[in-house]
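The file work_30.cif contains mmCIF, C-alpha atoms:
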```cif
data_coords
#
loop_
_atom_site.label_atom_id
_atom_site.label_comp_id
_atom_site.auth_asym_id
_atom_site.auth_seq_id
_atom_site.Cartn_x
_atom_site.Cartn_y
_atom_site.Cartn_z
CA MET A 1 8.10 43.68 -75.78
CA GLU A 2 11.26 45.75 -75.92
CA ASP A 3 14.47 43.86 -75.48
CA ILE A 4 15.92 44.47 -71.98
CA LYS A 5 19.18 45.62 -73.60
CA ASN A 6 17.24 48.20 -75.51
CA LEU A 7 15.52 49.36 -72.33
CA ILE A 8 18.90 49.71 -70.61
CA ARG A 9 20.23 51.69 -73.58
CA MET A 10 17.26 54.03 -73.40
CA ALA A 11 17.59 54.34 -69.62
CA ASP A 12 21.24 55.20 -70.04
CA ARG A 13 20.40 57.97 -72.52
CA ILE A 14 17.73 59.31 -70.18
CA GLN A 15 20.20 59.36 -67.31
CA GLU A 16 22.72 61.26 -69.42
CA ALA A 17 20.05 63.77 -70.36
CA LEU A 18 19.00 64.19 -66.72
CA ILE A 19 22.58 64.98 -65.72
CA LYS A 20 22.66 67.66 -68.43
CA LEU A 21 19.31 68.91 -67.20
CA LYS A 22 20.68 69.27 -63.68
CA ASN A 23 23.51 71.38 -65.06
CA GLY A 24 20.96 73.24 -67.16
CA ARG A 25 19.06 74.08 -64.01
CA TYR A 26 22.14 75.64 -62.44
CA LEU A 27 22.86 77.51 -65.66
CA GLU A 28 19.31 78.82 -65.73
CA LEU A 29 19.64 79.89 -62.09
CA MET A 30 22.85 81.73 -62.95
CA ARG A 31 21.18 83.42 -65.90
CA GLN A 32 18.26 84.55 -63.76
CA LEU A 33 20.58 85.70 -60.95
CA THR A 34 22.72 87.72 -63.34
CA SER A 35 19.65 89.50 -64.64
CA PHE A 36 18.41 90.04 -61.08
CA ALA A 37 21.77 91.44 -59.95
CA GLY A 38 21.67 93.86 -62.91
CA GLN A 39 18.26 95.07 -61.80
CA LEU A 40 19.52 95.63 -58.25
CA GLN A 41 22.54 97.52 -59.54
CA GLU A 42 20.31 99.76 -61.60
CA LEU A 43 18.12 100.32 -58.56
CA THR A 44 21.18 101.46 -56.59
CA THR A 45 22.13 103.86 -59.40
CA GLN A 46 18.62 105.30 -59.53
CA SER A 47 18.57 105.65 -55.76
CA ARG A 48 21.88 107.58 -55.82
CA LYS A 49 20.63 109.83 -58.62
CA MET A 50 17.51 110.54 -56.65
CA GLY A 51 19.55 111.51 -53.59
CA THR A 52 21.63 113.95 -55.67
CA SER A 53 18.47 115.42 -57.22
CA LEU A 54 16.97 116.05 -53.80
CA VAL A 55 20.14 117.68 -52.46
CA HIS A 56 20.08 120.15 -55.36
CA GLY A 57 16.33 120.61 -55.26
CA TRP A 58 15.89 119.15 -58.76
CA PHE A 59 12.39 117.86 -58.20
CA SER A 60 11.68 117.15 -61.84
CA ALA A 61 14.73 114.86 -62.00
CA ALA A 62 13.66 113.22 -58.73
CA GLY A 63 10.27 112.52 -60.31
CA ARG A 64 11.96 110.83 -63.27
CA CYS A 65 14.04 108.72 -60.85
CA CYS A 66 10.81 107.70 -59.09
CA ASN A 67 9.39 106.44 -62.39
CA GLY A 68 12.56 104.45 -63.05
CA ILE A 69 12.50 102.95 -59.56
CA ASN A 70 8.86 102.01 -59.98
CA ARG A 71 9.66 100.17 -63.21
CA LEU A 72 12.63 98.39 -61.61
CA LEU A 73 10.53 97.29 -58.64
CA SER A 74 8.04 95.73 -61.05
CA ASP A 75 10.89 93.90 -62.83
CA ILE A 76 12.23 92.63 -59.52
CA GLN A 77 8.78 91.49 -58.49
CA TYR A 78 8.57 89.53 -61.75
CA SER A 79 12.07 88.03 -61.38
CA LEU A 80 11.72 86.68 -57.84
CA PRO A 81 9.08 84.01 -58.51
CA ARG A 82 11.24 82.74 -61.39
CA ILE A 83 14.35 82.44 -59.27
CA ARG A 84 12.86 81.10 -56.06
CA PRO A 85 11.70 77.67 -57.34
CA LEU A 86 15.15 77.08 -58.84
CA VAL A 87 16.73 77.69 -55.43
CA GLU A 88 14.09 76.46 -53.02
CA LYS A 89 13.12 73.11 -54.51
CA PRO A 90 15.22 70.31 -53.06
CA GLN A 91 17.85 69.23 -55.50
CA VAL A 92 16.63 66.28 -57.46
CA LYS A 93 18.67 63.12 -57.31
CA ILE A 94 19.46 61.53 -60.63
CA PRO A 95 17.60 58.20 -60.61
CA LYS A 96 19.58 55.02 -60.83
CA LEU A 97 19.70 53.13 -64.09
CA SER A 98 17.59 50.31 -62.60
CA ALA A 99 14.88 52.80 -61.59
CA LEU A 100 14.83 54.23 -65.10
CA VAL A 101 14.59 50.76 -66.60
CA GLY A 102 11.65 50.15 -64.22
CA GLU A 103 10.03 53.37 -65.49
CA LEU A 104 10.43 52.29 -69.09
CA ASP A 105 9.08 48.85 -68.28
CA VAL A 106 5.89 50.34 -66.80
CA LEU A 107 5.68 52.78 -69.70
CA GLU A 108 5.70 49.87 -72.10
CA GLN A 109 2.93 48.16 -70.14
CA GLU A 110 0.90 51.36 -70.21
CA PHE A 111 1.28 52.24 -73.89
CA GLY A 112 2.11 48.88 -75.43
CA ASN A 113 5.20 50.01 -77.28
CA ILE A 114 8.07 52.44 -76.86
CA GLU A 115 9.78 53.84 -79.90
CA TYR A 116 13.42 54.83 -79.52
CA ASP A 117 15.14 56.76 -82.27
CA ILE A 118 18.89 56.46 -81.74
CA SER A 119 19.87 59.04 -84.36
CA GLU A 120 17.46 61.69 -83.07
CA ASN A 121 17.76 60.56 -79.45
CA THR A 122 14.02 60.58 -78.89
CA ILE A 123 11.68 58.33 -76.95
CA SER A 124 8.10 58.15 -78.18
CA VAL A 125 4.85 56.47 -77.33
CA VAL A 126 1.57 56.52 -79.23
CA THR A 127 -1.79 57.15 -77.60
CA ASP A 128 -5.02 55.44 -78.54
CA SER A 129 -7.24 57.37 -80.94
CA ILE A 130 -8.68 60.39 -79.20
CA THR A 131 -12.19 61.70 -79.73
CA LEU A 132 -13.35 64.75 -77.80
CA GLU A 133 -16.97 65.82 -77.90
CA ASP A 134 -17.58 63.77 -81.05
CA VAL A 135 -14.61 65.34 -82.86
CA TYR A 136 -12.21 62.62 -83.95
CA LEU A 137 -8.62 63.78 -83.46
CA GLY A 138 -6.88 60.45 -84.02
CA PRO A 139 -3.90 58.98 -82.20
CA PHE A 140 -0.99 61.17 -81.11
CA LYS A 141 2.69 60.43 -80.82
CA ILE A 142 4.28 61.91 -77.71
CA GLN A 143 7.95 62.38 -78.49
CA LEU A 144 10.41 63.22 -75.72
CA GLU A 145 13.57 64.84 -77.11
CA LEU A 146 16.41 63.76 -74.86
CA ASN A 147 18.87 66.12 -76.57
CA LYS A 148 16.71 69.07 -75.57
CA LEU A 149 16.06 68.01 -71.99
CA SER A 150 18.59 70.52 -70.64
CA GLU A 151 16.44 73.29 -72.17
CA LEU A 152 13.47 72.35 -69.97
CA TYR A 153 13.45 75.77 -68.30
CA GLN A 154 13.32 77.67 -71.58
CA ASN A 155 11.56 75.51 -74.16
CA SER A 156 9.25 72.59 -74.60
CA VAL A 157 11.28 69.37 -74.60
CA TYR A 158 8.71 67.18 -76.26
CA HIS A 159 6.38 67.18 -79.24
CA VAL A 160 2.84 66.00 -79.62
CA ILE A 161 2.41 64.78 -83.18
CA ALA A 162 -0.97 63.94 -84.66
CA LEU A 163 -0.65 60.66 -86.57
CA GLU A 164 -4.01 60.97 -88.31
CA PRO A 165 -4.32 64.73 -88.26
CA ASN A 166 -7.75 66.26 -88.29
CA PRO A 167 -6.74 69.87 -87.71
CA ALA A 168 -9.07 72.72 -86.96
CA ALA A 169 -10.55 74.13 -90.15
CA THR A 170 -9.30 77.59 -89.28
CA ASP A 171 -5.72 76.60 -88.41
CA ASP A 172 -3.82 73.61 -89.79
CA ASN A 173 -1.28 73.82 -86.97
CA VAL A 174 -3.91 73.12 -84.33
CA THR A 175 -4.36 69.35 -84.28
CA HIS A 176 -5.96 69.23 -80.83
CA PRO A 177 -7.73 71.98 -78.86
CA HIS A 178 -4.60 72.22 -76.67
CA VAL A 179 -1.89 71.48 -79.25
CA SER A 180 -0.47 74.02 -81.66
CA ASN A 181 2.60 73.43 -83.82
CA GLU A 182 3.12 70.09 -82.08
CA THR A 183 3.42 71.87 -78.73
CA LEU A 184 1.05 71.02 -75.93
CA CYS A 185 -0.26 73.75 -73.72
CA GLU A 186 -0.08 71.99 -70.41
CA GLY A 187 -2.37 74.23 -68.35
CA ASP A 188 -2.97 72.59 -64.96
CA GLY A 189 -0.39 69.91 -65.70
CA CYS A 190 2.54 72.27 -66.24
CA VAL A 191 4.26 71.99 -62.84
CA ALA A 192 3.61 68.27 -62.42
CA ILE A 193 4.96 67.51 -65.90
CA ARG A 194 8.10 69.50 -65.27
CA SER A 195 8.63 67.73 -61.94
CA ALA A 196 8.16 64.33 -63.56
CA ILE A 197 10.79 65.15 -66.18
CA GLU A 198 13.23 66.53 -63.61
CA GLU A 199 12.89 63.42 -61.46
CA GLY A 200 13.14 61.02 -64.38
CA ARG A 201 9.59 59.74 -63.81
CA VAL A 202 9.23 58.96 -67.48
CA CYS A 203 5.99 56.99 -67.17
CA ASP A 204 4.32 59.76 -65.13
CA PHE A 205 5.39 62.29 -67.76
CA PHE A 206 3.87 60.37 -70.67
CA THR A 207 0.68 59.46 -68.81
CA MET A 208 0.13 63.08 -67.76
CA VAL A 209 0.55 64.31 -71.33
CA ARG A 210 -1.95 61.65 -72.40
CA SER A 211 -4.32 62.81 -69.62
CA ILE A 212 -4.22 66.34 -71.02
CA LEU A 213 -4.82 65.05 -74.55
CA ASN A 214 -7.83 63.10 -73.29
CA THR A 215 -9.35 66.16 -71.64
CA TYR A 216 -11.00 69.17 -73.19
CA ASN A 217 -10.89 72.48 -71.38
CA PRO A 218 -13.51 74.62 -73.13
CA ASP A 219 -12.33 77.72 -71.25
CA SER A 220 -8.97 77.93 -72.94
CA PRO A 221 -8.50 76.06 -76.22
CA TYR A 222 -6.50 77.19 -79.24
CA VAL A 223 -9.61 76.41 -81.26
CA ALA A 224 -12.86 75.45 -79.54
CA LEU A 225 -14.32 72.09 -80.50
CA HIS A 226 -17.64 73.63 -81.48
CA ASP A 227 -15.66 75.65 -84.02
CA TRP A 228 -13.47 72.76 -85.14
CA TYR A 229 -14.97 72.41 -88.58
CA GLY A 230 -15.43 76.16 -88.94
CA GLU A 231 -18.07 77.89 -91.01
CA PRO A 232 -17.55 78.83 -94.67
CA CYS A 233 -18.14 82.44 -95.65
CA TYR A 234 -21.30 82.53 -97.78
CA GLU A 235 -19.67 84.94 -100.22
CA CYS A 236 -16.13 83.63 -100.77
CA GLY A 237 -16.08 80.24 -99.05
CA TYR A 238 -13.25 81.12 -96.67
CA VAL A 239 -13.52 78.91 -93.56
CA MET A 240 -13.71 80.92 -90.37
CA GLY A 241 -14.25 80.40 -86.65
CA SER A 242 -17.26 81.77 -84.82
CA ASP A 243 -15.19 84.59 -83.33
CA SER A 244 -14.20 85.79 -86.78
CA SER A 245 -17.52 85.39 -88.57
CA TYR A 246 -20.00 88.19 -89.18
CA TYR A 247 -23.72 87.61 -89.37
CA CYS A 248 -25.76 89.66 -91.81
CA CYS A 249 -29.26 89.93 -90.37
CA PHE A 250 -30.67 91.04 -93.73
CA CYS A 251 -29.84 87.88 -95.70
CA GLU A 252 -29.35 85.82 -92.47
CA ARG A 253 -25.98 84.36 -93.48
CA ASP A 254 -22.41 84.29 -92.09
CA PHE A 255 -19.59 86.15 -93.78
CA CYS A 256 -15.86 86.59 -93.30
CA GLU A 257 -14.21 89.86 -92.36
CA GLU A 258 -13.45 90.67 -95.98
CA CYS A 259 -16.99 90.17 -97.19
CA ALA A 260 -18.78 92.02 -94.42
CA THR A 261 -18.87 95.63 -93.36
CA TYR A 262 -21.05 97.75 -91.12
CA CYS A 263 -23.61 100.45 -91.72
CA ARG A 264 -22.12 103.86 -91.00
CA SER A 265 -25.51 105.12 -89.85
CA CYS A 266 -26.64 102.43 -87.39
CA ASP A 267 -23.48 100.24 -86.98
CA GLU A 268 -25.36 97.09 -88.02
CA THR A 269 -23.25 94.35 -89.67
CA VAL A 270 -24.09 94.01 -93.32
CA CYS A 271 -22.67 91.78 -96.06
CA ALA A 272 -21.36 93.09 -99.37
CA GLY A 273 -24.45 91.84 -101.19
CA CYS A 274 -26.88 93.68 -98.92
CA THR A 275 -24.79 96.82 -98.65
CA GLU A 276 -26.08 100.00 -100.24
CA ARG A 277 -24.07 103.15 -100.47
CA CYS A 278 -24.77 106.74 -99.70
CA GLU A 279 -24.89 108.45 -103.07
CA VAL A 280 -23.21 111.50 -101.60
CA CYS A 281 -20.28 110.22 -99.51
CA ASP A 282 -20.22 106.61 -100.81
CA GLU A 283 -20.14 105.16 -97.26
CA PRO A 284 -21.77 101.72 -96.84
CA MET A 285 -25.29 101.54 -95.47
CA CYS A 286 -27.64 98.76 -94.46
CA PRO A 287 -30.87 98.33 -96.45
CA ARG A 288 -32.87 99.68 -93.49
CA CYS A 289 -30.98 102.97 -93.34
CA ALA A 290 -30.86 103.15 -97.13
CA ARG A 291 -34.62 103.74 -97.07
CA ILE A 292 -33.84 107.28 -96.07
CA ARG A 293 -33.91 109.21 -99.31
CA CYS A 294 -33.76 112.79 -100.34
CA THR A 295 -37.32 114.12 -100.58
CA GLU A 296 -36.42 116.03 -103.72
CA CYS A 297 -34.25 113.82 -105.94
CA GLU A 298 -34.87 110.52 -104.02
CA CYS A 299 -31.19 109.62 -103.92
CA VAL A 300 -29.98 107.29 -101.07
CA CYS A 301 -28.48 109.44 -98.38
CA CYS A 302 -26.80 108.59 -95.06
CA GLU A 303 -27.65 110.28 -91.78
CA SER A 304 -24.67 112.58 -91.86
CA CYS A 305 -25.31 113.77 -95.42
CA ILE A 306 -29.06 114.36 -95.18
CA GLU A 307 -30.35 117.60 -93.72
CA GLU A 308 -33.97 118.55 -93.36
CA GLY A 309 -34.82 115.60 -95.63
CA LEU A 310 -32.59 116.85 -98.43
CA CYS A 311 -29.27 115.73 -99.88
CA PRO A 312 -26.54 118.41 -99.98
CA ASP A 313 -27.18 119.17 -103.71
CA CYS A 314 -30.91 119.61 -103.26
CA LYS A 315 -30.33 121.50 -100.06
CA GLN A 316 -28.00 123.86 -101.92
CA GLU A 317 -30.46 124.14 -104.76
CA ARG A 318 -33.26 124.99 -102.38
CA LYS A 319 -31.02 127.50 -100.66
CA ASN A 320 -30.22 129.10 -103.99
CA GLU A 321 -33.87 129.18 -104.90
CA ASP A 322 -34.75 130.72 -101.55
CA GLU A 323 -32.05 133.32 -101.98
CA GLU A 324 -33.23 134.01 -105.50
CA LYS A 325 -36.78 134.40 -104.27
CA GLN A 326 -35.59 136.70 -101.55
CA ILE A 327 -33.66 138.79 -104.02
CA THR A 328 -36.62 138.90 -106.42
CA GLY A 329 -38.86 139.80 -103.47
CA THR A 330 -36.52 142.59 -102.45
CA LYS A 331 -36.33 143.84 -106.03
CA GLU A 332 -40.09 143.88 -106.32
CA THR A 333 -40.35 145.77 -103.06
CA GLY A 334 -37.56 148.02 -104.27
CA THR A 335 -39.42 148.78 -107.57
CA GLN A 336 -42.55 149.74 -105.66
CA SER A 337 -40.69 152.08 -103.34
CA GLU A 338 -38.60 153.78 -106.02
CA PRO A 339 -41.34 156.06 -107.28
CA GLN A 340 -41.96 157.12 -103.72
CA ASN A 341 -38.26 157.99 -103.44
CA ASN A 342 -38.46 159.72 -106.77
CA THR A 343 -41.50 161.54 -105.59
CA GLU A 344 -39.65 162.46 -102.48
CA ILE A 345 -36.73 163.58 -104.57
CA LYS A 346 -39.02 165.45 -106.83
CA LEU A 347 -40.60 166.99 -103.87
CA ALA A 348 -37.28 167.89 -102.51
CA SER A 349 -36.19 169.39 -105.78
CA MET B 1 5.73 53.39 -41.43
CA ARG B 2 6.95 55.70 -44.19
CA LEU B 3 5.90 55.92 -47.81
CA LEU B 4 7.06 57.95 -50.74
CA TYR B 5 3.95 59.71 -52.02
CA ILE B 6 3.98 61.32 -55.46
CA ASN B 7 0.89 63.33 -56.21
CA ASN B 8 0.78 64.35 -59.86
CA ASP B 9 -2.39 66.34 -59.28
CA GLY B 10 -1.11 69.90 -58.98
CA GLY B 11 2.54 70.39 -58.09
CA GLY B 12 3.60 66.83 -58.70
CA PHE B 13 6.14 66.87 -55.89
CA ALA B 14 7.32 63.76 -54.12
CA ASP B 15 7.00 63.65 -50.32
CA PHE B 16 7.71 61.11 -47.65
CA VAL B 17 4.62 60.57 -45.50
CA ASP B 18 4.01 58.62 -42.30
CA VAL B 19 1.02 56.29 -42.30
CA THR B 20 -0.38 53.66 -39.93
CA GLU B 21 0.51 50.03 -40.44
CA GLY B 22 -1.99 47.93 -42.37
CA ILE B 23 -3.50 50.80 -44.37
CA THR B 24 -4.85 49.80 -47.76
CA VAL B 25 -4.16 51.79 -50.92
CA GLU B 26 -7.87 52.71 -51.07
CA GLN B 27 -7.81 54.14 -47.51
CA PHE B 28 -4.60 55.96 -48.28
CA PHE B 29 -6.15 57.55 -51.36
CA LYS B 30 -9.28 58.60 -49.45
CA ASP B 31 -7.11 60.15 -46.77
CA LYS B 32 -4.82 62.06 -49.11
CA MET B 33 -7.23 62.93 -51.90
CA GLN B 34 -10.34 63.92 -50.02
CA GLY B 35 -13.26 64.75 -52.27
CA HIS B 36 -11.72 63.01 -55.28
CA LYS B 37 -12.84 59.79 -56.93
CA PRO B 38 -10.28 56.98 -57.33
CA ASP B 39 -11.74 56.32 -60.80
CA ASP B 40 -10.34 59.64 -61.99
CA TYR B 41 -6.76 58.61 -61.13
CA LEU B 42 -4.13 56.10 -62.03
CA ILE B 43 -2.91 54.79 -58.69
CA ARG B 44 0.28 52.82 -58.69
CA VAL B 45 2.40 51.32 -55.97
CA ASN B 46 6.04 50.83 -56.82
CA ARG B 47 5.14 51.77 -60.41
CA GLN B 48 2.66 48.90 -60.70
CA PRO B 49 -1.15 49.02 -60.66
CA VAL B 50 -2.51 47.30 -57.54
CA PRO B 51 -5.97 46.22 -56.32
CA ARG B 52 -7.73 48.67 -53.98
CA GLU B 53 -7.35 46.32 -51.00
CA TYR B 54 -3.57 46.18 -51.40
CA ILE B 55 -1.95 46.73 -47.99
CA LEU B 56 0.83 49.26 -48.15
CA LYS B 57 4.25 48.37 -46.84
CA ASP B 58 7.03 50.46 -45.39
CA GLY B 59 9.06 52.12 -48.14
CA ASP B 60 6.37 51.73 -50.79
CA ARG B 61 6.19 54.39 -53.47
CA VAL B 62 2.61 55.49 -54.19
CA THR B 63 1.96 57.48 -57.35
CA VAL B 64 -1.36 59.20 -58.02
CA THR B 65 -1.84 60.56 -61.55
CA PRO B 66 -5.08 62.18 -62.74
CA THR B 67 -6.57 60.72 -65.90
CA LYS B 68 -8.05 64.11 -66.79
CA ILE B 69 -5.89 67.23 -66.78
CA GLU B 70 -7.07 70.49 -68.28
CA GLY B 71 -4.72 71.98 -70.81
CA ALA B 72 -4.90 75.68 -71.58
CA VAL B 73 -3.55 78.37 -73.82
CA ILE B 74 -0.88 80.36 -71.96
#
```
As C-alpha cells, the full file:
Amino acid sequence: MEDIKNLIRMADRIQEALIKLKNGRYLELMRQLTSFAGQLQELTTQSRKMGTSLVHGWFSAAGRCCNGINRLLSDIQYSLPRIRPLVEKPQVKIPKLSALVGELDVLEQEFGNIEYDISENTISVVTDSITLEDVYLGPFKIQLELNKLSELYQNSVYHVIALEPNPAATDDNVTHPHVSNETLCEGDGCVAIRSAIEEGRVCDFFTMVRSILNTYNPDSPYVALHDWYGEPCYECGYVMGSDSSYYCCFCERDFCEECATYCRSCDETVCAGCTERCEVCDEPMCPRCARIRCTECECVCCESCIEEGLCPDCKQERKNEDEEKQITGTKETGTQSEPQNNTEIKLAS
Amino acid sequence: MRLLYINNDGGGFADFVDVTEGITVEQFFKDKMQGHKPDDYLIRVNRQPVPREYILKDGDRVTVTPTKIEGAVI
C-alpha cells in the first residue's frame, strides 16, 4: 500500500498538471482560432479578387479565384470540428485534492501498485500479463507523463511500455497489435480517454487503456496477430508479414519482395530460383511461359520477342533467306527472259 | 434523486441524471446501457465496486467503464 503522504504528493502533482492542461486547452483554442481567422481573411481576399475579375471580364482569373475559394472552404470545413469541441464542451473543473487522492486510492486497489517517479514526474501502473489469441505479449507498464499533460491536444501524454516484449517479427517497435513506439492507438477509446484525463479521472484513464490492451481489433492492427511471428523468406530468411510475402506457385514457397519477381508474359509471381529469362530481352519469365521456344534455334523467348514461332534472329535469318530466294528466283526468271529480249533486240536490229 | 453518471463507453462525458428512488445499480445499468451485458463493464459507485443489488443514493457517482475497447490504427 502506498503511504497516504505519497498519494497526496502524487495528487498534488496531478492537480498542478491539470491546471496547466486547462491553460493548454485555451492555448490550443487560440492556436486553432488564429489559423481559422487566417483562412477567413484569405477567403475575403479571394472574394474581393473575384469581384474585380468579374468587373473587368477577366474570366480566367475568376476561375482561378474559384479554385482558391474551393480549397479554402475545404480548410474551413476541416478546422471547424477541431475548434468546436474546445469551445462547446463545458469547462472542466479541476478536481479537489481529496478527489484525486480517492482516484489514486482506487487505482491502487485496481492495479495493486502505483509507481511514482519524482524526477520524471510520471505515474505508472503495470497490467497483468496479456495474451491475445494465444500470442503472449507480456505485462505492460502504462506511464502517464504529468509534465506533458498540457500537450494533450497535440501529442500522446502517456506511454505503453512492454515489460517482457514479444514484438511482432516484422517490426520491433510493435509490441502489441495496437501499440507502436510505446504509443497506443486508442481507436474507440480516444474521446473517453481524453475526457478522463481532462477531468482528472485517473483510475478511469488507466483502466480504459488496460481495456484496449486486453482487446484485439483485427480490423485495424499495426501488425495482425496471425502475422505476429511472420514468415521467413525461403530464399534469404528475411521475416515478412503476409501482406509483404510473395507465393511462388511453381516451388510452392513464400518469398520476400527482393527474392520474388513476376513473369513479364503472364504476370504470375515467380521466385528467383524458378525464374527463367528470355534469351532475347533478358526479361524474367515463369517456367510455364519459358516453354515457348523458337522453332528454329529453340532459345527461350518471351511473348513480345517471339513472332510466328521465331526469335528475332531466326526471323531475320528467315527473312534474309526468303529475300535471297526471291532474288535468286527473279534472277533465274531474268536469265530465261534475256534471250527473248535479245531475240527481240535482234529482231529489231 | 440526482446522480452523476459517467459513461466511459463512447464519449466518456459526465452527466447528471434524474432517477427514481430505490433504484439498484443493476436496474440503473439496464436502463442506461440497453443491449449491453454488465459483465463487459466495470461498474463503480463513488469509485468503489458495489454488488448489483446496491441501492443508489442521491448524489452518487456511477462510473461505467467497458472492459473491452477496440484500439485501431489512425
| Given the PyMOL selection byres ((chain B) within 8 of (chain A)), the residues it picks as a PyMOL selection string | chain B and resi 8-13+47-48+65-74
| said: I'd like the neighbourhood of Tyr5 of chain B as a list of chain:residue names, where a residue qualifies if any of its atoms comes within 9 Å (using all atoms listed in the file), though same-chain residues fewer than 4 positions away should be ignored. | reply: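 After dropping sequence-adjacent residues, the list is B:Phe13, B:Ala14, B:Asp15, B:Phe16, B:Val17, B:Asp60, B:Arg61, B:Val62, B:Thr63, B:Val64.
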| message | Translate the PyMOL selection byres ((chain A and resi 243) around 12) into a concrete residue list for this structure, as a list of chain:residue names. | response |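 For this structure, the PyMOL selection byres ((chain A and resi 243) around 12) resolves to A:Thr170, A:Val223, A:Ala224, A:His226, A:Asp227, A:Gly230, A:Glu231, A:Val239, A:Met240, A:Gly241, A:Ser242, A:Ser244, A:Ser245, A:Tyr246, A:Tyr247, A:Asp254, A:Phe255, A:Cys256, A:Glu257.
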Using C-alpha atoms, can you write the selected residues to a file as a PDB file, in the coordinates of the input?
```pdb
ATOM      1  CA  THR A 170      -9.300  77.590 -89.280  1.00  0.00           C
ATOM      2  CA  VAL A 223      -9.610  76.410 -81.260  1.00  0.00           C
ATOM      3  CA  ALA A 224     -12.860  75.450 -79.540  1.00  0.00           C
ATOM      4  CA  HIS A 226     -17.640  73.630 -81.480  1.00  0.00           C
ATOM      5  CA  ASP A 227     -15.660  75.650 -84.020  1.00  0.00           C
ATOM      6  CA  GLY A 230     -15.430  76.160 -88.940  1.00  0.00           C
ATOM      7  CA  GLU A 231     -18.070  77.890 -91.010  1.00  0.00           C
ATOM      8  CA  VAL A 239     -13.520  78.910 -93.560  1.00  0.00           C
ATOM      9  CA  MET A 240     -13.710  80.920 -90.370  1.00  0.00           C
ATOM     10  CA  GLY A 241     -14.250  80.400 -86.650  1.00  0.00           C
ATOM     11  CA  SER A 242     -17.260  81.770 -84.820  1.00  0.00           C
ATOM     12  CA  SER A 244     -14.200  85.790 -86.780  1.00  0.00           C
ATOM     13  CA  SER A 245     -17.520  85.390 -88.570  1.00  0.00           C
ATOM     14  CA  TYR A 246     -20.000  88.190 -89.180  1.00  0.00           C
ATOM     15  CA  TYR A 247     -23.720  87.610 -89.370  1.00  0.00           C
ATOM     16  CA  ASP A 254     -22.410  84.290 -92.090  1.00  0.00           C
ATOM     17  CA  PHE A 255     -19.590  86.150 -93.780  1.00  0.00           C
ATOM     18  CA  CYS A 256     -15.860  86.590 -93.300  1.00  0.00           C
ATOM     19  CA  GLU A 257     -14.210  89.860 -92.360  1.00  0.00           C
TER      20      GLU A 257
END
```
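What separates atom CA of Thr269 of chain A from atom CA of Glu283 of chain A is a distance of 13.6 Å.
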| said: Just to confirm, what's the straight-line distance from atom CA of Asn6 of chain A to atom CA of Ser156 of chain A in Å (one decimal)? | reply: 25.7 Å
For Gly200 of chain A, work out the shell of residues within 12 Å, counting all atoms listed in the file and skipping chain neighbours fewer than 6 positions away, then give it as a JSON list (two decimals) with C-alpha atoms, in the frame of the given file.
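Just written: out36.json:
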```json
[["chain", "number", "residue", "atom", "x", "y", "z"],
["A", 11, "ALA", "CA", 17.59, 54.34, -69.62],
["A", 12, "ASP", "CA", 21.24, 55.20, -70.04],
["A", 13, "ARG", "CA", 20.40, 57.97, -72.52],
["A", 14, "ILE", "CA", 17.73, 59.31, -70.18],
["A", 15, "GLN", "CA", 20.20, 59.36, -67.31],
["A", 16, "GLU", "CA", 22.72, 61.26, -69.42],
["A", 17, "ALA", "CA", 20.05, 63.77, -70.36],
["A", 18, "LEU", "CA", 19.00, 64.19, -66.72],
["A", 19, "ILE", "CA", 22.58, 64.98, -65.72],
["A", 21, "LEU", "CA", 19.31, 68.91, -67.20],
["A", 22, "LYS", "CA", 20.68, 69.27, -63.68],
["A", 92, "VAL", "CA", 16.63, 66.28, -57.46],
["A", 93, "LYS", "CA", 18.67, 63.12, -57.31],
["A", 94, "ILE", "CA", 19.46, 61.53, -60.63],
["A", 95, "PRO", "CA", 17.60, 58.20, -60.61],
["A", 96, "LYS", "CA", 19.58, 55.02, -60.83],
["A", 97, "LEU", "CA", 19.70, 53.13, -64.09],
["A", 98, "SER", "CA", 17.59, 50.31, -62.60],
["A", 99, "ALA", "CA", 14.88, 52.80, -61.59],
["A", 100, "LEU", "CA", 14.83, 54.23, -65.10],
["A", 101, "VAL", "CA", 14.59, 50.76, -66.60],
["A", 102, "GLY", "CA", 11.65, 50.15, -64.22],
["A", 103, "GLU", "CA", 10.03, 53.37, -65.49],
["A", 104, "LEU", "CA", 10.43, 52.29, -69.09],
["A", 144, "LEU", "CA", 10.41, 63.22, -75.72],
["A", 146, "LEU", "CA", 16.41, 63.76, -74.86],
["A", 149, "LEU", "CA", 16.06, 68.01, -71.99],
["A", 193, "ILE", "CA", 4.96, 67.51, -65.90],
["A", 194, "ARG", "CA", 8.10, 69.50, -65.27],
["A", 206, "PHE", "CA", 3.87, 60.37, -70.67]]
```
| Rounded to one decimal in Å, what is the spacing between atom CA of Arg82 of chain A and atom CA of Glu28 of chain A? |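 Interatomic distance, atom CA of Arg82 of chain A to atom CA of Glu28 of chain A: 10.0 Å.
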| Which residues come within 10 Å of Leu33 of chain A, counting all atoms listed in the file, excluding same-chain residues fewer than 3 positions away, as a list of chain:residue names? |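 Counting all atoms listed in the file, the residues come to A:Leu27, A:Glu28, A:Leu29, A:Met30, A:Phe36, A:Ala37, A:Gly38, A:Gln39, A:Ser79, A:Leu80, A:Arg82, A:Ile83.
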| request: Report as a PyMOL selection string the full result of the PyMOL selection byres ((chain A and resi 133) around 9) when it is applied to this structure. | output: chain A and resi 131-132+134-136+216+225-226
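Counting only C-alpha atoms, the residue from A:Cys301, A:Leu7, A:Cys259, A:Leu86 that sits nearest to Cys278 of chain A is A:Cys301.
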What residues have an atom no more than 12 Å from (-6.2, 62.0, -48.8) in the file's own frame, counting only C-alpha atoms, and can you write them as a compact mmCIF listing (two decimals) with C-alpha atoms, in the frame of the given file?
```
# COMPACT_ATOMS: atom_id res chain seq x y z
CA TYR B 5 3.95 59.71 -52.02
CA ASN B 7 0.89 63.33 -56.21
CA ASP B 9 -2.39 66.34 -59.28
CA VAL B 17 4.62 60.57 -45.50
CA VAL B 19 1.02 56.29 -42.30
CA VAL B 25 -4.16 51.79 -50.92
CA GLU B 26 -7.87 52.71 -51.07
CA GLN B 27 -7.81 54.14 -47.51
CA PHE B 28 -4.60 55.96 -48.28
CA PHE B 29 -6.15 57.55 -51.36
CA LYS B 30 -9.28 58.60 -49.45
CA ASP B 31 -7.11 60.15 -46.77
CA LYS B 32 -4.82 62.06 -49.11
CA MET B 33 -7.23 62.93 -51.90
CA GLN B 34 -10.34 63.92 -50.02
CA GLY B 35 -13.26 64.75 -52.27
CA HIS B 36 -11.72 63.01 -55.28
CA LYS B 37 -12.84 59.79 -56.93
CA PRO B 38 -10.28 56.98 -57.33
CA VAL B 64 -1.36 59.20 -58.02
```
